[in-house]
Amino acid sequence: MRPETYGSLPYNSVMASTVKSERLELRLASDQEQEIEQAAAISGRSVTDFSVPLLVEEAGEVIRQERELKISKHALDAFNRVLDEPAKPLSGLADLLRQPSVFSG
């Protein structure tokens with residue numbers, strides 16, 4: 001996801017309005033640093049403005065994948081079989097549903 005640009009200057013309202021008070025130090029090979037600096041310069045951004053959105057996007061994806069429900073095919077098939085079974089009657093449920101609601105005054 002690329003930020004919108006105005007002319008050759010990137011603009012992202014989230015980046016523009018966020019107070020940046022924290023630092024993150026990275027160890028890089030010299031060629032990695034040069035490539036990042038060159039890409040930032042080409043895009044008209046500082047190394048920070050070039051790097052942070054990419055790091056945050058990747059971090060979000062890693063977190064999303066970790067929080068995603070992970071289930072084996074066997075377990076998913078078993079779960080779907082249970083869902084496909086007809087509902088079992090629960091004793092007293094029909095009587096309970098016929099009673100006035102406690103929320104209806």
# chains A, B, ... in the order shown; residues from 1 in each chain; ligands from 1
>>> residues_around(residues="A:Ser51", least_positions_apart="2", cutoff="12 Å", atoms="only C-alpha atoms", output="ChimeraX atom specification")
/A:2,15,24,26,33,35-41,43,45-49,53-58
>>> select_by_dssp(residues="stretch 10-80 of chain A", states="helix (DSSP H, G or I)", output="number ranges by chain")
A: 13-17, 30-42, 47-67, 73-80
>>> atom_distance(atom1="atom CA of A:Arg67", atom2="atom CA of A:Phe79")
19.5 Å
>>> select_by_dssp(residues="chain A", states="strand (DSSP E or B)", output="PyMOL selection string")
chain A and resi 4-6+9-11
>>> atom_distance(atom1="atom CA of A:Asp31", atom2="atom CA of A:Val52")
19.1 Å
